[in-house]
Amino acid sequence: MSGEERSGQGTAAGPEGAAAEEDLKARVREGYIVESPEEMTEGYRKALVVQLTVQADTELISAPAYWMAARHAPSTNTQVSAHAIIQDELAHANIAYRLLEDLGVSKEELVYGREPNEFKHPYGFDQPLENWAELVVANGFFDRAGITLLSDVYQNTSYGPLKRALVKVDMEETFHLRHGEVWMRRLAKAGGDAREMVQRAVDWMFPMTVEWFGLPDDMKRHSGQLEYRLKGLTNDELRQVWMASTVPLCESIGLEVPAHYDEDAEVYRLDYPFPCRYDPAEKRWLFEDGAITWHDVFDRWKSRGPMNEIYVESLRRSRGQVSRWLNGREA
Amino acid sequence: MALPTLSRVSGGRDLWSPPLQRPPRDPEAAVWKVLGEVLDPEIPVSVVDLGLVYAVAVNGGTARIRLTFTATACPCMDFIREDVRDRLLQETWLGEVVIEEVWDPPWSTDRLSPEARGKLKRLGIAT
């Protein structure tokens, strides 16, 4: 949902269009639920398309990321659990793409027609997950970010079909989170190499998830998603919700995170310059270089990370191949 | 700023009540009741209502549970076993929990309680 920053705010041209936009904003503020495209203004539709595309792409790209990591599962049973999560993610992607089709957007085009760098998933899912510890921290951190964003959408969205679809998504994401938490706890408790691996994963994945929530509120003048009640909480509020469940979890199992609770202000504070530079080759945040601008962050997001093309291609590779076998030609 | 907290993050453990203060008169009934608080890690239906518990026996401080799963490749087996054990061991009158996995007779949707059927229906899950 942080993809919002990269899209223009859609508003229909002309005074009539502007009045319609304001009218719909006022109605959804009062609790009006939109059920069909006919009830939408152009601005509402555009904001919803961006939100659903980010949601669908994030679920979709998490699948190859988790799949490549699942081969590091320590047993057949744990591999079954990891693959069940991947299957859920693909189903969640399909739900969101299906909702986009109702809005006249082609799923076919979104999945197969775009350049890999046009996908709108967060930068965190452009990184390789290279061992079991990184997979379970992804479940513990990335899936928790997903559930943070989607629970807010579920509770506040003015789009009825999305609210109903999220009931199942939310339940399944709870299992992913559980998988992450249980395994993070087990690895941390085991000590030695296991603890070191999970701490190393936390070191790069914690700031990665913090950044995922996007531009701070004081820099964001305008949010179509909030005005159309497509979500309820701001970026900073969502970041706080995520930290309020992540930081205590990590502290309770003896994992260090670069954030602490400020009791006077009753908020979580980051203990590093934010935002800051990231070295994807080393999987390391360059805290020592100091803060950078959000403009720099958007540039990094836009140029995408090391696994972007590999993940997208892995989803598409066999499609043409099998249809060539079956039909002697491309589908 | 008063923000919502994430609920249900632990999955399966949301309904756990505090352990009994003293040993129950009917330990087996007490174990069944306690297992009724252990939810499936994904859906808020207990392992008892799902029909996963085939038998309960209590001998001294040892509870023996005959437990099945909905499928041999159930991705949640690990968590369900852990939840059953952890919840029962919260009871101070139990010192040991032995879980015996049973695959015969195989689980089927016929084993769902009417409560489970109602909940699953409301959640949009076909039975």
# chains A, B, ... in the order shown; residues from 1 in each chain; ligands from 1

$ select_by_dssp --residues "range 181-255 of chain A" --states "alpha helix (DSSP H)" --output "ChimeraX atom specification"
/A:181-190,192-212,224-227,235-252

$ residues_around --residues "Ser46 in chain B" --least-positions-apart "4" --cutoff "12 Å" --atoms "only C-alpha atoms" --output "PDB file with C-alpha atoms, in the first residue's frame"
ATOM      1  CA  GLY B  11      -3.588 -18.033  16.328  1.00  0.00           C
ATOM      2  CA  GLY B  12      -5.142 -20.935  18.205  1.00  0.00           C
ATOM      3  CA  ARG B  13      -4.538 -19.521  21.677  1.00  0.00           C
ATOM      4  CA  ASP B  14      -7.026 -16.693  21.886  1.00  0.00           C
ATOM      5  CA  LEU B  15      -9.593 -18.330  24.147  1.00  0.00           C
ATOM      6  CA  TRP B  16      -7.265 -19.841  26.734  1.00  0.00           C
ATOM      7  CA  TRP B  32     -12.269 -32.176  27.232  1.00  0.00           C
ATOM      8  CA  LYS B  33     -13.339 -28.726  28.423  1.00  0.00           C
ATOM      9  CA  VAL B  34      -9.772 -27.399  28.257  1.00  0.00           C
ATOM     10  CA  LEU B  35      -9.262 -28.852  24.767  1.00  0.00           C
ATOM     11  CA  GLY B  36     -12.396 -26.965  23.754  1.00  0.00           C
ATOM     12  CA  GLU B  37     -10.297 -23.798  24.164  1.00  0.00           C
ATOM     13  CA  VAL B  38      -7.578 -24.951  21.748  1.00  0.00           C
ATOM     14  CA  LEU B  39      -8.435 -23.454  18.386  1.00  0.00           C
ATOM     15  CA  ASP B  40      -7.273 -24.435  14.942  1.00  0.00           C
ATOM     16  CA  PRO B  41      -4.335 -22.112  14.085  1.00  0.00           C
ATOM     17  CA  GLU B  42      -6.183 -20.716  11.074  1.00  0.00           C
ATOM     18  CA  LEU B  50     -13.461 -30.037  14.502  1.00  0.00           C
ATOM     19  CA  GLY B  51     -13.639 -33.659  15.681  1.00  0.00           C
ATOM     20  CA  LEU B  52      -9.865 -34.074  15.945  1.00  0.00           C
ATOM     21  CA  VAL B  53      -9.923 -35.528  19.471  1.00  0.00           C
ATOM     22  CA  ILE B  80      -1.856 -28.055  17.007  1.00  0.00           C
ATOM     23  CA  ASP B  83      -1.074 -25.922  21.558  1.00  0.00           C
ATOM     24  CA  VAL B  84      -2.719 -29.068  22.964  1.00  0.00           C
ATOM     25  CA  LEU B 112     -17.630 -31.694  12.653  1.00  0.00           C
ATOM     26  CA  SER B 113     -19.913 -30.618  15.498  1.00  0.00           C
ATOM     27  CA  GLU B 115     -21.239 -25.571  16.276  1.00  0.00           C
ATOM     28  CA  ALA B 116     -18.268 -26.048  13.930  1.00  0.00           C
ATOM     29  CA  ARG B 117     -20.580 -26.345  10.937  1.00  0.00           C
ATOM     30  CA  LYS B 119     -19.053 -21.213  12.353  1.00  0.00           C
ATOM     31  CA  LEU B 120     -17.497 -22.520   9.149  1.00  0.00           C
TER      32      LEU B 120
END

$ residues_around --residues "range 91-104 of chain B" --least-positions-apart "3" --cutoff "6 Å" --atoms "only C-alpha atoms" --output "JSON, numbers by chain"
{"B": [19, 23, 61, 62, 63, 64, 65, 66, 67, 68, 88]}

$ closest_atom_pairs --of "chain A" --to "chain B" --cutoff "6 Å" --atoms "only C-alpha atoms" --output "Markdown table"
| residue | atom | partner | partner_atom | distance |
| --- | --- | --- | --- | --- |
| A:Val80 | CA | B:Pro75 | CA | 5.6 |
| A:Ser81 | CA | B:Pro75 | CA | 4.2 |
| A:Met171 | CA | B:Glu42 | CA | 5.4 |
| A:Glu172 | CA | B:Glu42 | CA | 5.6 |
| A:Thr174 | CA | B:Val9 | CA | 5.9 |
| A:Phe175 | CA | B:Glu42 | CA | 5.3 |
| A:Arg178 | CA | B:Ser10 | CA | 5.4 |

$ write_last_selection --atoms "N, CA and C atoms" --output "compact mmCIF listing (two decimals), in the first residue's frame"
# COMPACT_ATOMS: atom_id res chain seq x y z
N VAL A 80 6.05 -28.82 4.27
CA VAL A 80 4.61 -28.79 3.99
C VAL A 80 4.00 -27.49 4.53
N SER A 81 4.39 -27.11 5.76
CA SER A 81 3.87 -25.86 6.33
C SER A 81 4.27 -24.67 5.47
N MET A 171 -7.58 -14.62 8.19
CA MET A 171 -7.44 -15.85 8.98
C MET A 171 -6.18 -16.59 8.58
N GLU A 172 -5.94 -16.65 7.28
CA GLU A 172 -4.78 -17.41 6.81
C GLU A 172 -3.47 -16.70 7.14
N THR A 174 -2.93 -15.07 9.70
CA THR A 174 -2.67 -15.33 11.11
C THR A 174 -1.79 -16.57 11.28
N PHE A 175 -2.05 -17.57 10.45
CA PHE A 175 -1.23 -18.78 10.50
C PHE A 175 0.22 -18.48 10.06
N ARG A 178 1.96 -16.89 12.90
CA ARG A 178 2.22 -17.90 13.92
C ARG A 178 3.46 -18.71 13.54

$ closest_residue --among "A:Asp218, A:Ala73, A:Thr78, A:Val49" --to "Tyr97 in chain A" --atoms "only C-alpha atoms"
A:Val49

$ closest_atom_pairs --of "range 174-284 of chain A" --to "range 302-309 of chain A" --cutoff "12 Å" --atoms "only C-alpha atoms" --output "JSON lines"
{"residue": "A:Tyr278", "atom": "CA", "partner": "A:Gly305", "partner_atom": "CA", "distance": 10.5}
{"residue": "A:Asp279", "atom": "CA", "partner": "A:Gly305", "partner_atom": "CA", "distance": 10.1}
{"residue": "A:Pro280", "atom": "CA", "partner": "A:Pro306", "partner_atom": "CA", "distance": 7.2}
{"residue": "A:Ala281", "atom": "CA", "partner": "A:Pro306", "partner_atom": "CA", "distance": 8.2}
{"residue": "A:Glu282", "atom": "CA", "partner": "A:Pro306", "partner_atom": "CA", "distance": 11.5}
{"residue": "A:Lys283", "atom": "CA", "partner": "A:Pro306", "partner_atom": "CA", "distance": 10.8}

$ write_last_selection --atoms "N, CA and C atoms" --output "mmCIF file, in the first residue's frame"
data_model
loop_
_atom_site.group_PDB
_atom_site.id
_atom_site.type_symbol
_atom_site.label_atom_id
_atom_site.label_comp_id
_atom_site.auth_asym_id
_atom_site.auth_seq_id
_atom_site.Cartn_x
_atom_site.Cartn_y
_atom_site.Cartn_z
ATOM 1 N N TYR A 278 20.723 1.396 1.883
ATOM 2 C CA TYR A 278 20.757 -0.055 2.023
ATOM 3 C C TYR A 278 21.688 -0.634 0.978
ATOM 4 N N ASP A 279 22.503 -1.595 1.405
ATOM 5 C CA ASP A 279 23.385 -2.283 0.474
ATOM 6 C C ASP A 279 22.821 -3.684 0.242
ATOM 7 N N PRO A 280 22.146 -3.898 -0.914
ATOM 8 C CA PRO A 280 21.488 -5.198 -1.120
ATOM 9 C C PRO A 280 22.475 -6.355 -1.257
ATOM 10 N N ALA A 281 23.676 -6.081 -1.759
ATOM 11 C CA ALA A 281 24.649 -7.163 -1.928
ATOM 12 C C ALA A 281 25.105 -7.697 -0.568
ATOM 13 N N GLU A 282 25.286 -6.780 0.370
ATOM 14 C CA GLU A 282 25.732 -7.169 1.713
ATOM 15 C C GLU A 282 24.560 -7.420 2.646
ATOM 16 N N LYS A 283 23.335 -7.097 2.193
ATOM 17 C CA LYS A 283 22.147 -7.147 3.055
ATOM 18 C C LYS A 283 22.390 -6.374 4.344
#

$ atom_distance --atom1 "CA of Lys163 in chain A" --atom2 "CA of Val136 in chain A"
27.8 Å

$ closest_residue --among "B:Val31, B:Ala126, B:Gln21, B:Gly60" --to "Val48 in chain B" --atoms "only C-alpha atoms"
B:Val31

$ atom_distance --atom1 "CA of Val169 in chain A" --atom2 "CA of Ala138 in chain A"
17.3 Å

$ residues_around --residues "range 289-297 of chain A" --least-positions-apart "2" --cutoff "8 Å" --atoms "only C-alpha atoms" --output "list in words"
Leu215, Pro273, Phe274, Pro275, Cys276, Arg277, Leu286, Phe287, Asp299, Arg300 and Trp301 of chain A

$ residues_around --residues "Thr58 in chain A" --least-positions-apart "2" --cutoff "9 Å" --atoms "only C-alpha atoms" --output "list in words"
Thr53, Val54, Gln55, Ala56, Leu60, Ile61, Ser62, Ala63, Glu89, Ala93, Phe119, Lys120, His121, Pro122, Phe125 and Gly146 of chain A

$ write_last_selection --atoms "C-alpha atoms" --output "short mmCIF file (atom, residue, chain, number, x, y, z; two decimals), in the first residue's frame"
data_model
loop_
_atom_site.label_atom_id
_atom_site.label_comp_id
_atom_site.auth_asym_id
_atom_site.auth_seq_id
_atom_site.Cartn_x
_atom_site.Cartn_y
_atom_site.Cartn_z
CA THR A 53 -2.62 -3.69 -7.37
CA VAL A 54 -0.13 -3.19 -4.53
CA GLN A 55 -2.01 -5.80 -2.48
CA ALA A 56 -2.18 -8.34 -5.34
CA LEU A 60 1.99 -12.75 -5.75
CA ILE A 61 5.69 -11.92 -5.48
CA SER A 62 5.89 -13.25 -1.93
CA ALA A 63 5.18 -16.70 -3.41
CA GLU A 89 -0.28 -16.25 -0.86
CA ALA A 93 -3.10 -12.67 -4.98
CA PHE A 119 5.11 -4.51 -10.25
CA LYS A 120 4.08 -2.57 -7.14
CA HIS A 121 5.12 -4.89 -4.32
CA PRO A 122 7.43 -3.44 -1.66
CA PHE A 125 10.16 -8.64 -1.73
CA GLY A 146 0.67 -7.44 5.52
#

$ residues_around --residues "Tyr261 in chain A" --least-positions-apart "4" --cutoff "10 Å" --atoms "only C-alpha atoms" --output "VMD selection string"
chain A and resid 243 to 244 247 to 248 265 to 270

$ atom_distance --atom1 "CA of Val198 in chain A" --atom2 "CA of Ala133 in chain A"
5.1 Å

$ decode --residues "range 73-159 of chain A" --atoms "C-alpha atoms" --output "compact mmCIF listing (two decimals), in the first residue's frame"
# COMPACT_ATOMS: atom_id res chain seq x y z
CA ALA A 73 13.09 -26.38 5.40
CA PRO A 74 14.56 -28.66 8.08
CA SER A 75 12.07 -31.53 7.52
CA THR A 76 9.28 -32.74 5.26
CA ASN A 77 6.60 -31.57 7.69
CA THR A 78 8.07 -28.09 7.98
CA GLN A 79 8.32 -27.94 4.20
CA VAL A 80 4.61 -28.79 3.99
CA SER A 81 3.87 -25.86 6.33
CA ALA A 82 6.03 -23.51 4.26
CA HIS A 83 4.36 -24.63 1.03
CA ALA A 84 0.90 -24.20 2.56
CA ILE A 85 1.81 -20.58 3.20
CA ILE A 86 2.94 -20.15 -0.41
CA GLN A 87 -0.33 -21.65 -1.64
CA ASP A 88 -2.24 -19.18 0.56
CA GLU A 89 -0.28 -16.25 -0.86
CA LEU A 90 -1.09 -17.27 -4.43
CA ALA A 91 -4.76 -17.58 -3.52
CA HIS A 92 -4.70 -14.14 -1.85
CA ALA A 93 -3.10 -12.67 -4.98
CA ASN A 94 -5.85 -14.24 -7.06
CA ILE A 95 -8.53 -12.72 -4.81
CA ALA A 96 -7.09 -9.22 -5.26
CA TYR A 97 -6.56 -9.62 -9.05
CA ARG A 98 -10.14 -10.93 -9.30
CA LEU A 99 -11.41 -7.79 -7.55
CA LEU A 100 -9.39 -5.73 -10.04
CA GLU A 101 -11.15 -7.49 -12.92
CA ASP A 102 -14.47 -6.19 -11.53
CA LEU A 103 -13.00 -2.72 -12.04
CA GLY A 104 -12.18 -3.46 -15.67
CA VAL A 105 -8.48 -4.17 -15.16
CA SER A 106 -7.03 -7.20 -16.96
CA LYS A 107 -5.49 -9.83 -14.65
CA GLU A 108 -3.77 -11.36 -17.67
CA GLU A 109 -2.10 -8.05 -18.47
CA LEU A 110 -1.11 -7.42 -14.85
CA VAL A 111 0.47 -10.84 -14.33
CA TYR A 112 1.96 -11.50 -17.76
CA GLY A 113 2.04 -8.17 -19.59
CA ARG A 114 4.12 -5.88 -17.38
CA GLU A 115 7.84 -5.39 -17.08
CA PRO A 116 9.12 -6.85 -13.78
CA ASN A 117 10.01 -3.36 -12.52
CA GLU A 118 6.39 -2.23 -13.01
CA PHE A 119 5.11 -4.51 -10.25
CA LYS A 120 4.08 -2.57 -7.14
CA HIS A 121 5.12 -4.89 -4.32
CA PRO A 122 7.43 -3.44 -1.66
CA TYR A 123 11.20 -3.41 -2.09
CA GLY A 124 11.53 -6.03 0.68
CA PHE A 125 10.16 -8.64 -1.73
CA ASP A 126 12.93 -7.88 -4.22
CA GLN A 127 15.47 -9.42 -1.85
CA PRO A 128 16.65 -13.03 -1.77
CA LEU A 129 15.59 -15.14 1.24
CA GLU A 130 18.53 -17.46 1.56
CA ASN A 131 17.96 -19.71 4.56
CA TRP A 132 15.25 -20.98 6.92
CA ALA A 133 15.86 -18.15 9.39
CA GLU A 134 15.23 -15.53 6.69
CA LEU A 135 12.03 -17.30 5.63
CA VAL A 136 10.59 -17.41 9.14
CA VAL A 137 11.58 -13.79 9.87
CA ALA A 138 9.84 -12.87 6.61
CA ASN A 139 6.72 -14.61 8.01
CA GLY A 140 7.20 -12.83 11.34
CA PHE A 141 7.92 -9.36 9.88
CA PHE A 142 6.66 -9.09 6.30
CA ASP A 143 3.46 -11.08 6.84
CA ARG A 144 2.89 -9.06 10.01
CA ALA A 145 3.18 -5.88 7.91
CA GLY A 146 0.67 -7.44 5.52
CA ILE A 147 -1.76 -8.27 8.30
CA THR A 148 -1.29 -4.79 9.83
CA LEU A 149 -2.21 -3.13 6.53
CA LEU A 150 -4.98 -5.53 5.63
CA SER A 151 -6.66 -5.58 9.08
CA ASP A 152 -6.86 -1.81 8.82
CA VAL A 153 -8.36 -2.10 5.34
CA TYR A 154 -10.79 -4.77 6.60
CA GLN A 155 -11.94 -2.59 9.49
CA ASN A 156 -12.23 0.66 7.54
CA THR A 157 -12.66 0.08 3.83
CA SER A 158 -15.64 1.65 2.10
CA TYR A 159 -15.46 -1.00 -0.65
